[in-house]
>>> print(open('target-v5.txt').read())   # compact mmCIF, C-alpha atoms and all ligand atoms
# COMPACT_ATOMS: atom_id res chain seq x y z
CA MET A 1 31.09 9.49 -28.02
CA GLU A 2 33.64 7.44 -26.19
CA GLU A 3 33.21 9.61 -23.17
CA MET A 4 29.44 9.21 -23.25
CA LEU A 5 29.84 5.43 -23.49
CA SER A 6 32.24 5.51 -20.56
CA THR A 7 29.83 7.60 -18.53
CA LEU A 8 27.01 5.16 -19.24
CA TYR A 9 29.16 2.20 -18.32
CA LEU A 10 30.26 3.93 -15.11
CA LEU A 11 26.66 4.74 -14.28
CA GLN A 12 25.81 1.09 -14.72
CA ARG A 13 28.62 0.13 -12.36
CA VAL A 14 27.40 2.56 -9.72
CA ASP A 15 23.87 1.25 -10.10
CA ASN A 16 25.16 -2.30 -9.74
CA ASN A 17 26.73 -1.26 -6.46
CA LEU A 18 23.49 0.35 -5.33
CA ASP A 19 21.64 -2.82 -6.27
CA ASP A 20 24.11 -4.80 -4.15
CA VAL A 21 23.45 -2.49 -1.22
CA GLU A 22 19.70 -2.98 -1.69
CA GLU A 23 20.26 -6.70 -1.77
CA THR A 24 22.02 -6.72 1.59
CA LYS A 25 18.80 -5.28 3.00
CA GLY A 26 17.07 -8.39 1.70
CA GLY A 27 13.33 -8.12 1.33
CA LEU A 28 13.14 -5.73 4.27
CA PRO A 29 12.25 -2.46 2.49
CA GLU A 30 9.56 -4.26 0.51
CA MET A 31 8.28 -5.97 3.66
CA VAL A 32 8.09 -2.69 5.56
CA ARG A 33 6.15 -1.08 2.73
CA SER A 34 3.74 -3.96 2.51
CA LEU A 35 3.18 -4.03 6.29
CA GLU A 36 2.57 -0.30 6.32
CA SER A 37 -0.07 -0.65 3.65
CA ASP A 38 -1.71 -3.58 5.53
CA ILE A 39 -1.82 -1.46 8.66
CA ALA A 40 -3.37 1.48 6.83
CA GLU A 41 -6.01 -0.87 5.43
CA LEU A 42 -6.81 -2.36 8.83
CA THR A 43 -7.04 1.08 10.41
CA ALA A 44 -9.45 2.23 7.71
CA LYS A 45 -11.57 -0.88 8.26
CA ILE A 46 -11.71 -0.26 12.00
CA ASN A 47 -12.67 3.38 11.50
CA LYS A 48 -15.42 2.40 9.11
CA LYS A 49 -16.84 -0.14 11.56
CA GLN A 50 -16.66 2.41 14.37
CA GLU A 51 -18.52 4.91 12.22
CA TYR A 52 -21.18 2.29 11.58
CA ILE A 53 -21.53 1.68 15.32
CA ASP A 54 -21.81 5.41 15.99
CA ASN A 55 -24.65 5.61 13.49
CA GLN A 56 -26.36 2.63 15.06
CA VAL A 57 -26.14 4.23 18.49
CA ALA A 58 -28.20 7.17 17.26
CA SER A 59 -30.82 4.85 15.77
CA ARG A 60 -30.87 2.69 18.87
CA ASN A 61 -31.29 5.72 21.13
CA LYS A 62 -34.13 6.98 18.94
CA ALA A 63 -35.88 3.61 19.29
CA ASP A 64 -35.33 3.77 23.04
CA GLU A 65 -36.87 7.24 23.24
CA ASP A 66 -39.84 6.16 21.14
CA ILE A 67 -40.40 3.20 23.44
CA ALA A 68 -40.48 5.54 26.43
CA THR A 69 -42.93 7.86 24.66
CA PHE A 70 -45.29 5.03 23.78
CA THR A 71 -45.02 3.56 27.27
CA GLU A 72 -45.99 6.91 28.73
CA LYS A 73 -48.94 7.17 26.32
CA LEU A 74 -49.99 3.64 27.08
CA LYS A 75 -50.09 4.38 30.78
CA LYS A 76 -52.28 7.41 30.13
CA TYR A 77 -54.67 5.50 27.86
CA LYS A 78 -55.04 2.75 30.45
CA GLU A 79 -56.02 5.32 33.07
CA GLN A 80 -58.48 6.90 30.65
CA GLN A 81 -59.97 3.52 29.90
CA TYR A 82 -61.51 3.53 33.41
CA GLN A 83 -63.12 6.88 32.88
CA VAL A 84 -64.88 6.29 29.55
CA ARG A 85 -68.52 7.24 29.35
CA ASN A 86 -69.67 5.16 26.39
CA ASN A 87 -68.75 2.31 24.05
CA LYS A 88 -67.54 4.64 21.34
CA GLU A 89 -64.99 6.20 23.65
CA TYR A 90 -64.02 2.80 24.97
CA ASP A 91 -63.38 1.49 21.44
CA ALA A 92 -61.31 4.53 20.56
CA ILE A 93 -59.12 4.17 23.64
CA SER A 94 -58.79 0.44 23.08
CA LYS A 95 -57.54 1.11 19.59
CA GLU A 96 -54.93 3.56 20.90
CA ILE A 97 -53.82 1.03 23.51
CA GLU A 98 -53.52 -1.66 20.89
CA PHE A 99 -51.51 0.64 18.60
CA SER A 100 -49.19 1.68 21.45
CA GLU A 101 -48.59 -1.91 22.52
CA GLU A 102 -47.90 -2.94 18.94
CA SER A 103 -45.48 -0.02 18.50
CA ILE A 104 -43.63 -0.84 21.73
CA LYS A 105 -43.28 -4.45 20.60
CA ASN A 106 -41.89 -3.44 17.20
CA LEU A 107 -39.57 -0.83 18.64
CA THR A 108 -38.28 -3.29 21.22
CA ASN A 109 -37.43 -5.74 18.43
CA LEU A 110 -35.75 -2.94 16.52
CA PHE A 111 -33.81 -1.90 19.62
CA GLU A 112 -32.56 -5.47 20.07
CA ASP A 113 -31.57 -5.68 16.41
CA PHE A 114 -29.49 -2.55 16.79
CA GLU A 115 -27.90 -3.90 19.95
CA ASN A 116 -27.03 -7.19 18.23
CA MET A 117 -25.58 -5.49 15.16
CA MET A 118 -23.53 -3.21 17.34
CA SER A 119 -22.23 -5.96 19.51
CA SER A 120 -21.15 -8.04 16.53
CA ALA A 121 -19.50 -4.99 14.98
CA LYS A 122 -17.74 -4.38 18.28
CA SER A 123 -16.35 -7.90 18.39
CA GLU A 124 -15.24 -7.53 14.77
CA ILE A 125 -13.41 -4.37 15.79
CA GLU A 126 -11.76 -6.22 18.66
CA GLU A 127 -10.57 -8.88 16.26
CA LEU A 128 -9.27 -6.29 13.80
CA LYS A 129 -7.49 -4.48 16.61
CA THR A 130 -5.74 -7.69 17.61
CA GLN A 131 -4.61 -8.14 14.00
CA LEU A 132 -3.53 -4.53 13.90
CA GLY A 133 -1.48 -4.93 17.06
CA ASP A 134 0.24 -8.02 15.68
CA GLN A 135 1.04 -6.29 12.38
CA GLN A 136 2.25 -3.21 14.20
CA SER A 137 4.72 -5.08 16.36
CA PHE A 138 5.88 -7.08 13.34
CA LEU A 139 6.41 -3.80 11.50
CA ASP A 140 8.34 -2.30 14.42
CA GLU A 141 10.59 -5.34 14.42
CA LYS A 142 11.25 -5.17 10.67
CA LYS A 143 11.77 -1.43 10.80
CA SER A 144 14.39 -1.73 13.49
CA ASP A 145 16.13 -4.52 11.52
CA LEU A 146 16.11 -2.30 8.47
CA SER A 147 17.45 0.73 10.29
CA GLU A 148 20.19 -1.43 11.76
CA ILE A 149 21.27 -2.54 8.28
CA SER A 150 20.73 0.92 6.81
CA LYS A 151 23.09 2.37 9.37
CA GLU A 152 25.77 0.01 8.09
CA THR A 153 25.10 0.73 4.43
CA GLU A 154 24.35 4.43 4.76
CA GLU A 155 27.88 5.60 4.04
CA GLU A 156 28.20 3.37 1.01
CA GLU A 157 24.84 4.46 -0.31
CA LYS A 158 25.69 8.11 0.15
CA LYS A 159 28.94 7.65 -1.73
CA TYR A 160 27.29 5.84 -4.64
CA ASN A 161 24.42 8.29 -4.85
CA LYS A 162 26.88 11.14 -4.99
CA GLU A 163 28.77 9.44 -7.82
CA ARG A 164 25.50 8.74 -9.55
CA LYS A 165 24.45 12.36 -9.36
CA LYS A 166 27.72 13.46 -10.91
CA LEU A 167 27.38 10.95 -13.74
CA ILE A 168 23.78 11.64 -14.67
CA ALA A 169 24.56 15.34 -14.88
CA LYS A 170 26.66 14.44 -17.92
CA ILE A 171 23.93 12.45 -19.64
CA SER A 172 21.12 13.97 -21.68
CA GLU A 173 17.58 13.55 -20.41
CA ASP A 174 16.59 11.45 -23.41
CA LEU A 175 19.50 9.11 -23.03
CA LEU A 176 18.96 8.80 -19.30
CA SER A 177 15.31 7.93 -19.72
CA ARG A 178 16.33 5.34 -22.30
CA TYR A 179 18.86 3.95 -19.84
CA ASP A 180 16.23 3.80 -17.09
CA LYS A 181 13.78 2.07 -19.40
CA ILE A 182 16.25 -0.66 -20.38
CA ARG A 183 17.34 -0.99 -16.78
CA SER A 184 13.86 -1.46 -15.41
CA ALA A 185 13.10 -4.04 -18.10
CA ARG A 186 16.42 -5.86 -18.06
CA GLY A 187 18.10 -5.18 -14.74
CA LYS A 188 21.22 -3.95 -16.45
CA ALA A 189 21.16 -1.39 -19.22
CA VAL A 190 24.83 -1.25 -20.16
CA VAL A 191 26.97 -4.35 -20.59
CA ALA A 192 30.33 -5.14 -22.12
CA VAL A 193 31.30 -7.54 -24.86
CA ARG A 194 32.57 -10.79 -23.45
CA LYS A 195 33.93 -13.57 -25.67
CA GLU A 196 32.42 -11.96 -28.78
CA SER A 197 29.01 -12.02 -27.12
CA CYS A 198 26.72 -9.63 -25.32
CA SER A 199 27.41 -10.26 -21.65
CA GLY A 200 23.82 -9.27 -20.88
CA CYS A 201 22.08 -12.03 -22.79
CA GLY A 202 24.96 -14.22 -23.97
CA ASN A 203 24.08 -13.96 -27.64
CA ARG A 204 26.90 -13.71 -30.15
CA ILE A 205 27.69 -10.39 -31.73
CA PRO A 206 28.65 -10.57 -35.43
CA PRO A 207 32.43 -10.05 -35.99
CA GLN A 208 31.77 -7.00 -38.16
CA HIS A 209 29.87 -5.41 -35.29
CA ILE A 210 32.66 -6.21 -32.83
CA ILE A 211 35.06 -4.27 -35.04
CA GLU A 212 32.68 -1.34 -35.21
CA LEU A 213 32.09 -1.50 -31.49
CA ARG A 214 35.79 -1.17 -30.75
CA ARG A 215 35.82 2.21 -32.43
CA ASN A 216 33.67 3.48 -29.56
CA ASP A 217 32.15 6.01 -31.89
CA HIS A 218 28.50 5.05 -31.74
CA MET A 219 26.06 3.44 -29.41
CA TYR A 220 25.66 -0.25 -30.10
CA ILE A 221 22.38 -1.88 -29.07
CA CYS A 222 22.27 -5.65 -28.68
CA GLN A 223 19.88 -6.99 -31.30
CA HIS A 224 18.68 -9.69 -28.92
CA CYS A 225 18.18 -8.00 -25.55
CA GLY A 226 18.15 -4.30 -26.42
CA ARG A 227 20.93 -3.46 -23.95
CA ILE A 228 23.62 -0.92 -24.69
CA VAL A 229 26.83 -2.84 -25.38
CA VAL A 230 30.30 -1.35 -24.97
CA SER A 231 33.57 -2.88 -26.13
CA ASP A 232 35.55 -5.05 -23.77
CA GLU A 233 38.52 -2.69 -24.09
CA LEU A 234 36.51 0.29 -22.97
CA ALA A 235 35.12 -1.69 -20.03
CA LYS A 236 38.57 -2.87 -19.05
CA LYS A 237 39.94 0.67 -19.22
CA ILE A 238 37.19 1.93 -16.92
CA ILE A 239 37.64 -0.88 -14.41
CA GLU A 240 41.40 -0.33 -14.39
CA ALA A 241 40.89 3.39 -13.81
CA GLU A 242 38.64 2.66 -10.83
CA LYS A 243 41.42 0.83 -9.02
ZN ZN B 301 22.22 -8.85 -25.43
>>> encode(input="target-v5.txt", output="structure tokens")
Amino acid sequence: MEEMLSTLYLLQRVDNNLDDVEETKGGLPEMVRSLESDIAELTAKINKKQEYIDNQVASRNKADEDIATFTEKLKKYKEQQYQVRNNKEYDAISKEIEFSEESIKNLTNLFEDFENMMSSAKSEIEELKTQLGDQQSFLDEKKSDLSEISKETEEEEKKYNKERKKLIAKISEDLLSRYDKIRSARGKAVVAVRKESCSGCGNRIPPQHIIELRRNDHMYICQHCGRIVVSDELAKKIIEAEK
């Protein structure tokens, strides 16, 4: 048991070091992630607008073709109007002319609507592209900052990750998942006793429990914060051994 407690405490120390490395990167990794997701969102928006424009182009072109067809018909009807032989024929042609003129008018309005919608969508795209460009250059900047820092911390990180790998190989899956759970909730999963208290939350540990803890023969969980607590002696021994 003592060895398991030592392994857990060591793992916590390695993770503390990894946290410190992360901290030297500041908010950069988070910022890069968030910028990347903003950029993906903007790109999707632009694509959607472009798709909309492409669809409008087809509708606009159809309206344009229909206008041409009706204009052609109208021309023909107007010629025919001069050749009618009776009132009945004249009325029929007049009706066709009226219908064609009405259709051309409606289609022209429709054509203009499409043009207007497309041009406003185009200017929206322009605006989005400007935003995208700004975000992209901001991202490039942050990425290069991050890679600069990462270069400095890479060796350290590699070393700690290697240590971590070795340690977790000695811990059962159940225990490791418990460790991870406490760690993600509390920051630190394993702490030592300090001045008869849990150094994680500062709450006092009953004297009877301190005595039991020193035996290093079972896992003690702080009743207040749920962290795994090891004796101060064990912690000291591990820290000494590290030096
Ligand atoms: Zn505690």
>>> atom_distance(input="target-v5.txt", atom1="atom CA of A:Ala192", atom2="atom CA of A:Leu18")
18.9 Å
>>> atom_distance(input="target-v5.txt", atom1="atom CA of A:Ser231", atom2="atom CA of A:Lys188")
15.7 Å
>>> atom_distance(input="target-v5.txt", atom1="atom CA of A:Val191", atom2="atom CA of A:Lys237")
14.0 Å
>>> residues_near_ligand(input="target-v5.txt", ligand="ligand ZN 301 (chain B)", cutoff="6 Å", atoms="only C-alpha atoms and all ligand atoms", output="MDAnalysis selection string")
chainID A and resid 198 200:201 203 222 224:225 227
>>> write_last_selection(input="target-v5.txt", atoms="C-alpha atoms", output="compact mmCIF listing (two decimals), keeping the file's coordinate frame")
# COMPACT_ATOMS: atom_id res chain seq x y z
CA CYS A 198 26.72 -9.63 -25.32
CA GLY A 200 23.82 -9.27 -20.88
CA CYS A 201 22.08 -12.03 -22.79
CA ASN A 203 24.08 -13.96 -27.64
CA CYS A 222 22.27 -5.65 -28.68
CA HIS A 224 18.68 -9.69 -28.92
CA CYS A 225 18.18 -8.00 -25.55
CA ARG A 227 20.93 -3.46 -23.95
>>> closest_residue(input="target-v5.txt", among="A:Asn109, A:Asn87, A:Ser94, A:Gln136", to="A:Ala63", atoms="all atoms listed in the file")
A:Asn109
>>> closest_residue(input="target-v5.txt", among="A:Ala185, A:Ile149, A:Met219, A:Ile238", to="A:Gly27", atoms="all atoms listed in the file")
A:Ile149
>>> closest_residue(input="target-v5.txt", among="A:Asn61, A:Ser184, A:Ser103, A:Asn55", to="A:Leu74", atoms="all atoms listed in the file")
A:Ser103
>>> residues_around(input="target-v5.txt", residues="A:Leu42", least_positions_apart="5", cutoff="12 Å", atoms="all atoms listed in the file", output="ChimeraX atom specification")
/A:35-37,47-49,124-136
>>> write_last_selection(input="target-v5.txt", atoms="C-alpha atoms", output="short mmCIF file (atom, residue, chain, number, x, y, z; two decimals), keeping the file's coordinate frame")
data_model
loop_
_atom_site.label_atom_id
_atom_site.label_comp_id
_atom_site.auth_asym_id
_atom_site.auth_seq_id
_atom_site.Cartn_x
_atom_site.Cartn_y
_atom_site.Cartn_z
CA LEU A 35 3.18 -4.03 6.29
CA GLU A 36 2.57 -0.30 6.32
CA SER A 37 -0.07 -0.65 3.65
CA ASN A 47 -12.67 3.38 11.50
CA LYS A 48 -15.42 2.40 9.11
CA LYS A 49 -16.84 -0.14 11.56
CA GLU A 124 -15.24 -7.53 14.77
CA ILE A 125 -13.41 -4.37 15.79
CA GLU A 126 -11.76 -6.22 18.66
CA GLU A 127 -10.57 -8.88 16.26
CA LEU A 128 -9.27 -6.29 13.80
CA LYS A 129 -7.49 -4.48 16.61
CA THR A 130 -5.74 -7.69 17.61
CA GLN A 131 -4.61 -8.14 14.00
CA LEU A 132 -3.53 -4.53 13.90
CA GLY A 133 -1.48 -4.93 17.06
CA ASP A 134 0.24 -8.02 15.68
CA GLN A 135 1.04 -6.29 12.38
CA GLN A 136 2.25 -3.21 14.20
#
>>> closest_residue(input="target-v5.txt", among="A:Ile168, A:Ile53, A:Met31, A:Val193", to="A:Lys143", atoms="only C-alpha atoms")
A:Met31
>>> residues_around(input="target-v5.txt", residues="A:Asn17", least_positions_apart="6", cutoff="9 Å", atoms="all atoms listed in the file", output="MDAnalysis selection string")
chainID A and resid 156:157 160
>>> closest_residue(input="target-v5.txt", among="A:Lys162, A:Lys105, A:Lys95, A:Lys142", to="A:Ala68", atoms="all atoms listed in the file")
A:Lys105
>>> residues_around(input="target-v5.txt", residues="A:Val190", least_positions_apart="6", cutoff="10 Å", atoms="only C-alpha atoms", output="number ranges by chain")
A: 5, 8-13, 179, 182-183, 199-200, 221-222, 226-230
>>> axis_aligned_box(input="target-v5.txt", around="stretch 121-139 of chain A", padding_each_side="6 Å", output="lines of an AutoDock Vina configuration file")
center_x = -6.5
center_y = -6.0
center_z = 15.1
size_x = 37.9
size_y = 17.7
size_z = 19.2
>>> residues_near_point(input="target-v5.txt", point="(-33.3, 5.6, 22.8)", cutoff="12 Å", atoms="all atoms listed in the file", output="ChimeraX atom specification")
/A:56-69,107-108,110-112,114-115
>>> closest_residue(input="target-v5.txt", among="A:Lys181, A:Ala121, A:Gln208, A:Arg194", to="A:Lys236", atoms="all atoms listed in the file")
A:Arg194
>>> residues_around(input="target-v5.txt", residues="A:Glu22", least_positions_apart="6", cutoff="10 Å", atoms="all atoms listed in the file", output="CSV table (one decimal) with C-alpha atoms, in the coordinates of the input")
chain,number,residue,atom,x,y,z
A,16,ASN,CA,25.2,-2.3,-9.7
A,28,LEU,CA,13.1,-5.7,4.3
A,29,PRO,CA,12.2,-2.5,2.5
A,150,SER,CA,20.7,0.9,6.8
A,153,THR,CA,25.1,0.7,4.4
A,157,GLU,CA,24.8,4.5,-0.3
>>> residues_around(input="target-v5.txt", residues="A:Lys170", least_positions_apart="6", cutoff="10 Å", atoms="only C-alpha atoms", output="mmCIF file with C-alpha atoms, keeping the file's coordinate frame")
data_model
loop_
_atom_site.group_PDB
_atom_site.id
_atom_site.type_symbol
_atom_site.label_atom_id
_atom_site.label_comp_id
_atom_site.auth_asym_id
_atom_site.auth_seq_id
_atom_site.Cartn_x
_atom_site.Cartn_y
_atom_site.Cartn_z
ATOM 1 C CA GLU A 3 33.210 9.610 -23.170
ATOM 2 C CA MET A 4 29.440 9.210 -23.250
ATOM 3 C CA THR A 7 29.830 7.600 -18.530
ATOM 4 C CA LEU A 8 27.010 5.160 -19.240
ATOM 5 C CA LEU A 176 18.960 8.800 -19.300
#
>>> decode(input="target-v5.txt", residues="stretch 10-24 of chain A", atoms="N, CA, C and O atoms", output="compact mmCIF listing (two decimals), in the first residue's frame")
# COMPACT_ATOMS: atom_id res chain seq x y z
N LEU A 10 3.67 10.75 -6.26
CA LEU A 10 4.61 11.09 -7.33
C LEU A 10 3.88 11.55 -8.59
O LEU A 10 4.27 12.52 -9.24
N LEU A 11 2.82 10.82 -8.90
CA LEU A 11 2.02 11.19 -10.08
C LEU A 11 1.49 12.61 -9.94
O LEU A 11 1.54 13.41 -10.87
N GLN A 12 1.02 12.91 -8.72
CA GLN A 12 0.52 14.25 -8.48
C GLN A 12 1.62 15.29 -8.67
O GLN A 12 1.39 16.35 -9.24
N ARG A 13 2.82 14.95 -8.24
CA ARG A 13 3.93 15.90 -8.38
C ARG A 13 4.27 16.14 -9.86
O ARG A 13 4.53 17.26 -10.29
N VAL A 14 4.26 15.05 -10.63
CA VAL A 14 4.51 15.18 -12.07
C VAL A 14 3.42 16.03 -12.72
O VAL A 14 3.69 16.92 -13.53
N ASP A 15 2.19 15.75 -12.33
CA ASP A 15 1.08 16.53 -12.90
C ASP A 15 1.15 18.00 -12.50
O ASP A 15 0.80 18.88 -13.28
N ASN A 16 1.62 18.25 -11.29
CA ASN A 16 1.82 19.65 -10.88
C ASN A 16 2.82 20.33 -11.81
O ASN A 16 2.63 21.47 -12.22
N ASN A 17 3.89 19.59 -12.12
CA ASN A 17 4.91 20.14 -13.02
C ASN A 17 4.33 20.41 -14.41
O ASN A 17 4.61 21.43 -15.02
N LEU A 18 3.53 19.45 -14.88
CA LEU A 18 2.90 19.63 -16.19
C LEU A 18 1.94 20.83 -16.18
O LEU A 18 1.85 21.58 -17.15
N ASP A 19 1.25 21.00 -15.06
CA ASP A 19 0.36 22.16 -14.93
C ASP A 19 1.17 23.45 -14.99
O ASP A 19 0.74 24.43 -15.60
N ASP A 20 2.35 23.43 -14.34
CA ASP A 20 3.21 24.62 -14.36
C ASP A 20 3.65 24.94 -15.78
O ASP A 20 3.67 26.10 -16.19
N VAL A 21 4.00 23.88 -16.52
CA VAL A 21 4.40 24.07 -17.92
C VAL A 21 3.24 24.70 -18.70
O VAL A 21 3.42 25.66 -19.44
N GLU A 22 2.04 24.16 -18.49
CA GLU A 22 0.85 24.69 -19.18
C GLU A 22 0.67 26.16 -18.83
O GLU A 22 0.32 26.97 -19.67
N GLU A 23 0.93 26.46 -17.57
CA GLU A 23 0.73 27.83 -17.11
C GLU A 23 1.68 28.82 -17.78
O GLU A 23 1.31 29.95 -18.06
N THR A 24 2.93 28.35 -18.05
CA THR A 24 3.86 29.26 -18.72
C THR A 24 3.38 29.59 -20.13
O THR A 24 3.74 30.62 -20.69
